[in-house]
Amino acid sequence: MIWPFSRPKDPVALRYLSCKPDQRREKREIRELPIVVLDAETTGFRVGFDRLLTLGLLKIEKLQIAIDSARSWTIYRETSVINEAVQVHGILPSESRNGIPEREVLAEFFEELQDAIIVGHHINFDIAMLSEASKRHFRIPLKNRVVDTGHLAMQELATFKRTGYPNQRPPSLDELCLHLNIPSLERHTALGDAYTTGLLFLNLCARLSRRLDRPVQLGDLP
Amino acid sequence: MTTPNVIPNRIAASLAKYPPFSHLGTDEVFELASKARVRALVSGDTLFEQGDPPPKDLFFLENGRIEYYWANEGKSELVDVRDIGDLIGLTAVLETSPHRVTASVAEDCLLYAIEAERFLKLIEFNDTARNYVRRHLFWATRVGGKVSVPDEARIQGKRTILESYFEGAQLVKPRPLDRLLTCLPDESLEVATAMMVAKRVPSILVVDDRRHPLGIVTSINLLKEIVVAGGSASSPVKSLISGPVHTVAPESSAAAAILLMLRQRISLVCVTEDGTPESKALDVCTYKDLLARTSRHPAFFLNQIRRARTVSRLREICDEIELVGKSYLEAKVSGILVGQIFAELNDVLIERLIALTLEELADSGKELPQVDWAWMSIGSDGRREQILRTDMDNAMVFASTGDPAKDEAIRNELLAFNSSVIDKFVACGFARCQGGVMSSNPRWCRSETEWANEMAKVNIENGEDVLRASILLDMRFVEGKRSLCLDLRKSLFSIAAKNAFLLRRFAEIAVATPPPLSFFGKFLVEKKGSNVGEFDIKAKALSPLRDAARVFAIQYNLTSHHSTGGRLEELGEAVPELREIAQHAYGAYDFLLQLRNLTGLERHDSGRYITPSKLSKLDRAQLSNIFDVVRMTQQAVRRTFHLDPRIS
């Protein structure tokens with residue numbers, strides 16, 4: 001139904017909303033499904049206050065990271081504060097000024113994303129940031145299925161199993177890379193982290209598949 | 001604006017550290033890397049299974065370890081390990097053949113999948129990279145020796161003797177009807193046996209009055225019935241015939257008939273007019289008949305040579321043998337194997353020539369002196385390597401009487417006889433040995449004591465002496481008194497083995513010619529003489545391997561084989577630490593022989609000189625691999641005989 005106050009949606013948003021995933025895909029093998037590894041760098045950790053700086057994504061097809069599918073965007077910010085986050089990602093205000101506007105980035109991002117499964121490390125924060133930005137520009141939140149490699153690692157690796165301690169936090173990407181001997185590539189750039197997360201995801205999926213002794217289905221992932 | 005993609009750079013950097021990518025240009029590697037896909041596998045996973053169809057991708061192992069398992073007859077054995085920087089699946093990609101092994105992940109792996117097509121296109125234009133890949137292929141297929149043997153033969157288009165024989169296989173042709181021995185079922189066993197004995201055939205076909213076959217009675221049936229079971233000789237043959245007769249039609253495939261016999265476990269097959277038991281019987285064939293009738297089979301020639309009455313007929317047969325040899329070689333049958341077959345034929349030929357000469361001698365009322373003698377093949381003939389009628393190498397040994405004057409007289413008589421044999425040999429199309437290595441030469445017709453003395457007194461400073469000794473050590477008995485030749489061989493070997501200086505000299509000769517590759521892996525061609533621009537594979541590759549095999553055979557007392565191939569095989573079995581080298585050397589020698597023989601056939605010479613520019617790229621790459629093997633073998637010789645210059 002059409003609400004009396006609803007404004008017509010942006011075509012980008014409509015296109016994004018129009019691709020509806022198969023309802024039964026939780027039962028399907030993940031090697032057949034579109035997967036996107038995602039990472040975003042932000043100005044800080046406060047959703048609604050901090051802003052996206054860069055965004056990187058890689059596609060996984062048939063459980064292989066396709067290198068030529070890599071995309072990364074730097075988002076235009078007229079003014080950005082130099083705070084402690086800059087020390088982490090090292091994106092200087094001057095770089096942000098050379099970026100492209102957030103709205104265009106999101107439009108391109110939705111084009112790439114469609115109904116793919118989003119994989120990321122501590123992804124909920126990234127999703128929250130992206131959703132917030134998306135709501136601002138297109139008045140829609142992200143609706144994709146999300147897999148957090150941090151949770152997946154807690155499910156698959158004995159070292160990081162849930163202990164029941166209230167203050168246990170999911171393992172960090174660095175911890176996991178060290179543990180699994182994954183070479184990490186350019187930490188704290190959006191694309192580099194996305195790539196490392198992708199390797200981590202493939203590794204964990206391979207473990208999961210060995211444990212289950214069958215190909216991994218989407219429903220097996222947390 | 002998108003930020004520059006750092007990932008391909010990183011991948012390109014890891015690729016470029018290892019060959020063949022290190023030979024490619026930076027841009028090309030970057031291009032590969034940016035199209036690559038990344039895979040992760042954990043230990044226990046399998047990348048591909050043995051028998052999987054050829055892949056579309058090559059895998060570069062960035063991290064981890066992969067083990068190759070080869071499953072054979074229900075067992076699975078580890079044949080190879082791939083480590084960081086190795087390419088996986090290269091063999092299958094290059095040959096577009098199914099995977100020959102199962103790749104199992106031993107440690108967590110990070111793999112870069114590279115499109116095979118793109119890669120192949122790249123190396124097509126880069127000689128060094130392609131060379132590397134071919135080399136890899138060579139080693140990869142050789143690791144775990146056993147794996148590669150059956151497949152390798154197929155890959156290189158080689159066929160087994162059986163296959164090439166089936167290709168030239170002939171049809172079943174019934175022989176003249178009067179040869180067929182038949183009797184009616186009511187005939188007594190006594191009469192049937194008498195008929196078989198009279199015609200000297202081991203079986204009789206029992207037929208009805210329309211000559212339709214009912215059964216076959218073989219001599220073994222008769223023996224069982226009469227001698228073992230004590231049956232009566234007057235009982236009718238129908239009491240003995242058993243089961244249906246297996247029949248084939250005339251003009252059907254002889255190979256099919258042989259297979260039928262193998263499958264039915266029968267030794268005889270009956271040829272009838274329409275191929276069923278309900279028609280007139282035409283012939284009865286044994287396995288041997290069928291084999292010998294297929295004219296490409298060596299057994300056929302063996303029979304023909306044995307039956308030949310004149311030298312001109314023998315010459316004809318030799319011409320045919322050469323044709324068949326050519327077809328074998330073109331079918332890429334192993335050179336060593338073909339050499340062995342043709343050495344057998346050669347031996348039969350000499351036997352026949354000697355028999356003919358003896359007959360002539362008897363006709364003219366003369367006879368040979370009453371001493372034991374043996375005709376020997378020496379040199380390459382002795383090693384069973386001469387396929388073509390190049391030249392002859394033979395010698396004679398006779399039992400010494402103890403009296404030099406008497407020996408001399410015997411020698412003169414034998415020499416006359418030998419010249420006559422050799423004349424016939426020449427008439428068959430063989431060339432006289434230019435070095436005079438013929439039994440008609442007094443220097444190559446000696447008594448056993450003379451031979452032994454000569455071997456004991458070899459002057460290692462004198463090249464000719466050493467060459468003579470090495471030729472002599474390749475001797476093989478052909479005709480005459482076998483024990484004489486075998487004893488001589490044994491004693492010569494033990495004399496040589498005890499002579500450390502001689503052994504060392506042999507070893508030095510084996511390593512004297514370094515593999516003819518320049519610093520950059522290019523062939524060095526002849527720069528002087530009449531064969532400029534050509535390449536002497538006999539001196540540069542065959543001889544070192546042959547000499548190495550010989551000196552090893554003497555050192556480890558391996559006397560059961562004569563051929564270089566046989567010696568290398570025996571060496572591999574007898575000396576575990578040299579097994580790998582022996583296997584490689586065997587393969588290399590085989591390839592070289594084949595190459596030499598094919599060139600020889602093409603150019604109507606010994607095939608000694610090849611023109612590298614005329615070889616296919618693959619053959620050339622293979623050849624440079626072979627020189628690797630030559631170098632390895634020479635190093636093994638150096639190690640075994642301590643030829644390395646010592647630091648003093």
# chains A, B, ... in the order shown; residues from 1 in each chain; ligands from 1

$ residues_around --residues "stretch 181-186 of chain A" --least-positions-apart "3" --cutoff "9 Å" --atoms "only C-alpha atoms" --output "ChimeraX atom specification"
/A:174,176-178,189-193,195-197,199-200,203 /B:6-7,10,63,108,110

$ write_last_selection --atoms "N, CA and C atoms" --output "PDB file, in the first residue's frame"
ATOM      1  N   ASP A 174      43.385  -9.662  13.694  1.00  0.00           N
ATOM      2  CA  ASP A 174      44.811  -9.922  13.880  1.00  0.00           C
ATOM      3  C   ASP A 174      45.053 -11.222  14.622  1.00  0.00           C
ATOM      4  N   LEU A 176      43.116 -13.802  14.806  1.00  0.00           N
ATOM      5  CA  LEU A 176      42.764 -14.949  13.972  1.00  0.00           C
ATOM      6  C   LEU A 176      43.831 -15.207  12.909  1.00  0.00           C
ATOM      7  N   CYS A 177      44.325 -14.138  12.287  1.00  0.00           N
ATOM      8  CA  CYS A 177      45.346 -14.316  11.253  1.00  0.00           C
ATOM      9  C   CYS A 177      46.590 -14.958  11.835  1.00  0.00           C
ATOM     10  N   LEU A 178      46.930 -14.519  13.037  1.00  0.00           N
ATOM     11  CA  LEU A 178      48.093 -15.094  13.701  1.00  0.00           C
ATOM     12  C   LEU A 178      47.856 -16.569  13.994  1.00  0.00           C
ATOM     13  N   THR A 189      43.379  -0.956   5.704  1.00  0.00           N
ATOM     14  CA  THR A 189      42.807  -0.287   4.538  1.00  0.00           C
ATOM     15  C   THR A 189      41.569  -1.108   4.236  1.00  0.00           C
ATOM     16  N   ALA A 190      40.566  -0.484   3.697  1.00  0.00           N
ATOM     17  CA  ALA A 190      39.290  -1.194   3.537  1.00  0.00           C
ATOM     18  C   ALA A 190      39.471  -2.459   2.700  1.00  0.00           C
ATOM     19  N   LEU A 191      40.162  -2.318   1.574  1.00  0.00           N
ATOM     20  CA  LEU A 191      40.279  -3.464   0.672  1.00  0.00           C
ATOM     21  C   LEU A 191      41.198  -4.531   1.248  1.00  0.00           C
ATOM     22  N   GLY A 192      42.301  -4.090   1.852  1.00  0.00           N
ATOM     23  CA  GLY A 192      43.238  -5.045   2.449  1.00  0.00           C
ATOM     24  C   GLY A 192      42.555  -5.859   3.528  1.00  0.00           C
ATOM     25  N   ASP A 193      41.784  -5.199   4.363  1.00  0.00           N
ATOM     26  CA  ASP A 193      41.068  -5.924   5.405  1.00  0.00           C
ATOM     27  C   ASP A 193      40.012  -6.838   4.812  1.00  0.00           C
ATOM     28  N   TYR A 195      40.171  -8.308   1.981  1.00  0.00           N
ATOM     29  CA  TYR A 195      40.877  -9.465   1.419  1.00  0.00           C
ATOM     30  C   TYR A 195      41.272 -10.435   2.520  1.00  0.00           C
ATOM     31  N   THR A 196      41.836  -9.898   3.594  1.00  0.00           N
ATOM     32  CA  THR A 196      42.244 -10.756   4.702  1.00  0.00           C
ATOM     33  C   THR A 196      41.025 -11.464   5.292  1.00  0.00           C
ATOM     34  N   THR A 197      39.933 -10.730   5.418  1.00  0.00           N
ATOM     35  CA  THR A 197      38.712 -11.337   5.935  1.00  0.00           C
ATOM     36  C   THR A 197      38.230 -12.438   4.993  1.00  0.00           C
ATOM     37  N   LEU A 199      40.100 -14.336   3.078  1.00  0.00           N
ATOM     38  CA  LEU A 199      40.931 -15.516   3.289  1.00  0.00           C
ATOM     39  C   LEU A 199      40.491 -16.251   4.550  1.00  0.00           C
ATOM     40  N   LEU A 200      40.215 -15.459   5.589  1.00  0.00           N
ATOM     41  CA  LEU A 200      39.785 -16.042   6.858  1.00  0.00           C
ATOM     42  C   LEU A 200      38.479 -16.795   6.661  1.00  0.00           C
ATOM     43  N   ASN A 203      39.024 -20.031   4.787  1.00  0.00           N
ATOM     44  CA  ASN A 203      39.664 -20.988   5.668  1.00  0.00           C
ATOM     45  C   ASN A 203      38.643 -21.590   6.625  1.00  0.00           C
TER      46      ASN A 203
ATOM     47  N   VAL B   6      45.713  -2.816  -4.364  1.00  0.00           N
ATOM     48  CA  VAL B   6      47.012  -3.294  -3.892  1.00  0.00           C
ATOM     49  C   VAL B   6      47.125  -4.809  -3.949  1.00  0.00           C
ATOM     50  N   ILE B   7      45.977  -5.478  -4.013  1.00  0.00           N
ATOM     51  CA  ILE B   7      46.029  -6.942  -3.907  1.00  0.00           C
ATOM     52  C   ILE B   7      46.750  -7.584  -5.083  1.00  0.00           C
ATOM     53  N   ARG B  10      50.367  -7.383  -4.692  1.00  0.00           N
ATOM     54  CA  ARG B  10      50.901  -8.323  -3.713  1.00  0.00           C
ATOM     55  C   ARG B  10      51.016  -9.723  -4.304  1.00  0.00           C
ATOM     56  N   ASN B  63      51.004 -20.663   0.046  1.00  0.00           N
ATOM     57  CA  ASN B  63      51.214 -20.961   1.443  1.00  0.00           C
ATOM     58  C   ASN B  63      50.745 -22.384   1.673  1.00  0.00           C
ATOM     59  N   ASP B 108      47.446 -26.233   5.854  1.00  0.00           N
ATOM     60  CA  ASP B 108      46.506 -25.245   5.325  1.00  0.00           C
ATOM     61  C   ASP B 108      47.137 -24.497   4.158  1.00  0.00           C
ATOM     62  N   LEU B 110      46.995 -21.724   0.857  1.00  0.00           N
ATOM     63  CA  LEU B 110      46.438 -20.562   0.187  1.00  0.00           C
ATOM     64  C   LEU B 110      46.863 -20.693  -1.266  1.00  0.00           C
TER      65      LEU B 110
END

$ interface_residues --of "chain B" --to "chain A" --cutoff "9 Å" --atoms "only C-alpha atoms" --output "number ranges by chain"
B: 1-8, 10, 33-45, 63, 108-110, 112-113

$ atom_distance --atom1 "atom CA of B:Glu31" --atom2 "atom CA of B:Glu124"
15.6 Å

$ atom_distance --atom1 "atom CA of A:Arg103" --atom2 "atom CA of A:Phe49"
17.0 Å

$ residues_around --residues "stretch 16-18 of chain A" --least-positions-apart "5" --cutoff "8 Å" --atoms "only C-alpha atoms" --output "MDAnalysis selection string"
chainID A and resid 110:111 114:115

$ atom_distance --atom1 "atom CA of B:Leu24" --atom2 "atom CA of B:Phe119"
10.5 Å

$ residues_around --residues "A:Glu132" --least-positions-apart "3" --cutoff "8 Å" --atoms "only C-alpha atoms" --output "ChimeraX atom specification"
/A:47-48,128-129,135-136,141

$ select_by_dssp --residues "stretch 56-122 of chain A" --states "strand (DSSP E)" --output "mmCIF file with N, CA and C atoms, in the first residue's frame"
data_model
loop_
_atom_site.group_PDB
_atom_site.id
_atom_site.type_symbol
_atom_site.label_atom_id
_atom_site.label_comp_id
_atom_site.auth_asym_id
_atom_site.auth_seq_id
_atom_site.Cartn_x
_atom_site.Cartn_y
_atom_site.Cartn_z
ATOM 1 N N GLY A 56 35.620 -1.060 0.979
ATOM 2 C CA GLY A 56 36.257 -1.999 0.043
ATOM 3 C C GLY A 56 35.446 -3.273 -0.010
ATOM 4 N N LEU A 57 35.327 -3.849 -1.199
ATOM 5 C CA LEU A 57 34.636 -5.142 -1.261
ATOM 6 C C LEU A 57 35.283 -6.039 -2.312
ATOM 7 N N LEU A 58 35.130 -7.326 -2.060
ATOM 8 C CA LEU A 58 35.629 -8.366 -2.961
ATOM 9 C C LEU A 58 34.530 -9.395 -3.088
ATOM 10 N N LYS A 59 34.429 -9.974 -4.266
ATOM 11 C CA LYS A 59 33.417 -11.011 -4.434
ATOM 12 C C LYS A 59 34.047 -12.381 -4.278
ATOM 13 N N ILE A 60 33.292 -13.279 -3.710
ATOM 14 C CA ILE A 60 33.733 -14.679 -3.632
ATOM 15 C C ILE A 60 32.811 -15.484 -4.530
ATOM 16 N N GLU A 61 33.414 -16.140 -5.523
ATOM 17 C CA GLU A 61 32.629 -16.977 -6.428
ATOM 18 C C GLU A 61 33.153 -18.389 -6.319
ATOM 19 N N GLN A 64 36.071 -18.998 -4.223
ATOM 20 C CA GLN A 64 37.345 -18.434 -4.623
ATOM 21 C C GLN A 64 37.192 -16.921 -4.653
ATOM 22 N N ILE A 65 38.180 -16.252 -4.095
ATOM 23 C CA ILE A 65 38.132 -14.798 -4.139
ATOM 24 C C ILE A 65 38.516 -14.372 -5.542
ATOM 25 N N ALA A 66 37.640 -13.635 -6.188
ATOM 26 C CA ALA A 66 37.968 -13.153 -7.522
ATOM 27 C C ALA A 66 38.670 -11.807 -7.385
ATOM 28 N N ILE A 67 39.955 -11.805 -7.732
ATOM 29 C CA ILE A 67 40.752 -10.600 -7.513
ATOM 30 C C ILE A 67 40.238 -9.446 -8.373
ATOM 31 N N ASP A 68 39.793 -9.781 -9.599
ATOM 32 C CA ASP A 68 39.399 -8.679 -10.483
ATOM 33 C C ASP A 68 38.048 -8.081 -10.110
ATOM 34 N N SER A 69 37.390 -8.650 -9.092
ATOM 35 C CA SER A 69 36.120 -8.073 -8.671
ATOM 36 C C SER A 69 36.319 -7.033 -7.569
ATOM 37 N N ALA A 70 37.583 -6.791 -7.189
ATOM 38 C CA ALA A 70 37.823 -5.883 -6.066
ATOM 39 C C ALA A 70 37.370 -4.470 -6.399
ATOM 40 N N ARG A 71 36.678 -3.867 -5.458
ATOM 41 C CA ARG A 71 36.282 -2.470 -5.610
ATOM 42 C C ARG A 71 36.625 -1.763 -4.317
ATOM 43 N N SER A 72 37.071 -0.526 -4.432
ATOM 44 C CA SER A 72 37.207 0.257 -3.211
ATOM 45 C C SER A 72 36.910 1.710 -3.525
ATOM 46 N N TRP A 73 36.346 2.370 -2.523
ATOM 47 C CA TRP A 73 35.939 3.758 -2.719
ATOM 48 C C TRP A 73 36.475 4.610 -1.570
ATOM 49 N N THR A 74 36.886 5.788 -1.898
ATOM 50 C CA THR A 74 37.173 6.759 -0.844
ATOM 51 C C THR A 74 36.054 7.807 -0.896
ATOM 52 N N ILE A 117 25.407 -12.244 -0.060
ATOM 53 C CA ILE A 117 25.608 -12.425 1.370
ATOM 54 C C ILE A 117 26.831 -11.593 1.765
ATOM 55 N N ILE A 118 26.682 -10.817 2.811
ATOM 56 C CA ILE A 118 27.794 -9.967 3.214
ATOM 57 C C ILE A 118 28.619 -10.694 4.271
ATOM 58 N N VAL A 119 29.923 -10.775 4.009
ATOM 59 C CA VAL A 119 30.838 -11.376 4.974
ATOM 60 C C VAL A 119 31.779 -10.292 5.443
ATOM 61 N N GLY A 120 32.025 -10.243 6.720
ATOM 62 C CA GLY A 120 32.975 -9.259 7.220
ATOM 63 C C GLY A 120 33.372 -9.605 8.638
#

$ select_by_dssp --residues "stretch 17-128 of chain A" --states "helix (DSSP H, G or I)" --output "ChimeraX atom specification"
/A:17-18,25-27,30-32,84-89,93-97,102-113,123-128

$ write_last_selection --atoms "N, CA and C atoms" --output "CSV table (one decimal), in the first residue's frame"
chain,number,residue,atom,x,y,z
A,17,LEU,N,16.1,-2.9,-3.7
A,17,LEU,CA,15.0,-3.6,-3.0
A,17,LEU,C,14.4,-4.7,-3.9
A,18,SER,N,14.5,-4.5,-5.3
A,18,SER,CA,13.8,-5.4,-6.2
A,18,SER,C,14.5,-6.8,-6.2
A,25,ARG,N,17.2,-20.2,0.4
A,25,ARG,CA,18.7,-20.3,0.2
A,25,ARG,C,19.5,-20.7,1.4
A,26,GLU,N,18.9,-20.6,2.6
A,26,GLU,CA,19.6,-21.1,3.8
A,26,GLU,C,20.0,-22.6,3.6
A,27,LYS,N,19.2,-23.3,2.7
A,27,LYS,CA,19.6,-24.7,2.5
A,27,LYS,C,20.5,-24.9,1.4
A,30,ILE,N,26.9,-22.8,-0.1
A,30,ILE,CA,27.4,-21.4,-0.3
A,30,ILE,C,28.2,-21.2,-1.5
A,31,ARG,N,28.8,-22.3,-2.1
A,31,ARG,CA,29.6,-22.1,-3.3
A,31,ARG,C,28.7,-21.7,-4.5
A,32,GLU,N,27.4,-21.8,-4.4
A,32,GLU,CA,26.5,-21.4,-5.5
A,32,GLU,C,26.0,-20.0,-5.2
A,84,GLU,N,41.7,9.9,17.0
A,84,GLU,CA,42.5,8.7,17.2
A,84,GLU,C,42.3,7.7,16.1
A,85,ALA,N,41.1,7.7,15.5
A,85,ALA,CA,40.9,6.8,14.4
A,85,ALA,C,41.9,6.9,13.2
A,86,VAL,N,42.3,8.2,13.0
A,86,VAL,CA,43.2,8.4,11.9
A,86,VAL,C,44.5,7.7,12.1
A,87,GLN,N,44.9,7.5,13.4
A,87,GLN,CA,46.1,6.8,13.6
A,87,GLN,C,46.0,5.3,13.2
A,88,VAL,N,44.7,4.8,13.2
A,88,VAL,CA,44.5,3.4,12.9
A,88,VAL,C,44.5,3.2,11.4
A,89,HIS,N,43.7,4.0,10.7
A,89,HIS,CA,43.5,3.7,9.3
A,89,HIS,C,44.4,4.6,8.4
A,93,PRO,N,42.7,13.8,6.0
A,93,PRO,CA,41.6,14.6,5.5
A,93,PRO,C,41.9,15.0,4.1
A,94,SER,N,43.1,15.2,3.7
A,94,SER,CA,43.4,15.5,2.3
A,94,SER,C,42.9,14.5,1.3
A,95,GLU,N,43.1,13.2,1.7
A,95,GLU,CA,42.6,12.1,0.8
A,95,GLU,C,41.1,12.1,0.7
A,96,SER,N,40.5,12.4,1.9
A,96,SER,CA,39.0,12.4,1.9
A,96,SER,C,38.4,13.5,1.0
A,97,ARG,N,39.2,14.5,0.9
A,97,ARG,CA,38.7,15.6,0.0
A,97,ARG,C,38.8,15.3,-1.4
A,102,GLU,N,29.3,10.6,-0.9
A,102,GLU,CA,28.8,9.4,-0.2
A,102,GLU,C,27.6,8.8,-1.0
A,103,ARG,N,26.8,9.6,-1.5
A,103,ARG,CA,25.6,9.1,-2.2
A,103,ARG,C,26.0,8.3,-3.4
A,104,GLU,N,26.9,8.8,-4.2
A,104,GLU,CA,27.4,8.1,-5.4
A,104,GLU,C,28.1,6.8,-5.0
A,105,VAL,N,28.9,6.9,-4.0
A,105,VAL,CA,29.5,5.6,-3.5
A,105,VAL,C,28.5,4.6,-3.1
A,106,LEU,N,27.5,5.0,-2.4
A,106,LEU,CA,26.5,4.0,-2.0
A,106,LEU,C,25.7,3.5,-3.2
A,107,ALA,N,25.4,4.4,-4.1
A,107,ALA,CA,24.7,3.9,-5.3
A,107,ALA,C,25.6,2.8,-6.1
A,108,GLU,N,26.9,3.1,-6.2
A,108,GLU,CA,27.7,2.1,-6.9
A,108,GLU,C,27.8,0.8,-6.0
A,109,PHE,N,27.8,1.0,-4.7
A,109,PHE,CA,28.0,-0.1,-3.8
A,109,PHE,C,26.7,-1.0,-3.9
A,110,PHE,N,25.5,-0.4,-3.9
A,110,PHE,CA,24.3,-1.2,-4.0
A,110,PHE,C,24.3,-2.0,-5.3
A,111,GLU,N,24.8,-1.3,-6.4
A,111,GLU,CA,24.9,-2.0,-7.7
A,111,GLU,C,25.7,-3.3,-7.6
A,112,GLU,N,26.8,-3.2,-6.9
A,112,GLU,CA,27.7,-4.4,-6.7
A,112,GLU,C,27.1,-5.4,-5.7
A,113,LEU,N,26.4,-4.9,-4.8
A,113,LEU,CA,26.0,-5.7,-3.6
A,113,LEU,C,24.8,-6.6,-4.0
A,123,ILE,N,31.3,-7.3,11.5
A,123,ILE,CA,30.6,-6.7,10.4
A,123,ILE,C,29.4,-5.9,10.9
A,124,ASN,N,28.9,-6.2,12.0
A,124,ASN,CA,27.7,-5.5,12.5
A,124,ASN,C,27.9,-4.0,12.6
A,125,PHE,N,29.1,-3.6,13.0
A,125,PHE,CA,29.4,-2.2,13.1
A,125,PHE,C,29.4,-1.6,11.7
A,126,ASP,N,30.0,-2.3,10.7
A,126,ASP,CA,30.1,-1.8,9.4
A,126,ASP,C,28.7,-1.7,8.8
A,127,ILE,N,27.9,-2.7,9.1
A,127,ILE,CA,26.5,-2.7,8.5
A,127,ILE,C,25.7,-1.5,9.1
A,128,ALA,N,25.9,-1.4,10.4
A,128,ALA,CA,25.2,-0.3,11.1
A,128,ALA,C,25.6,1.1,10.5
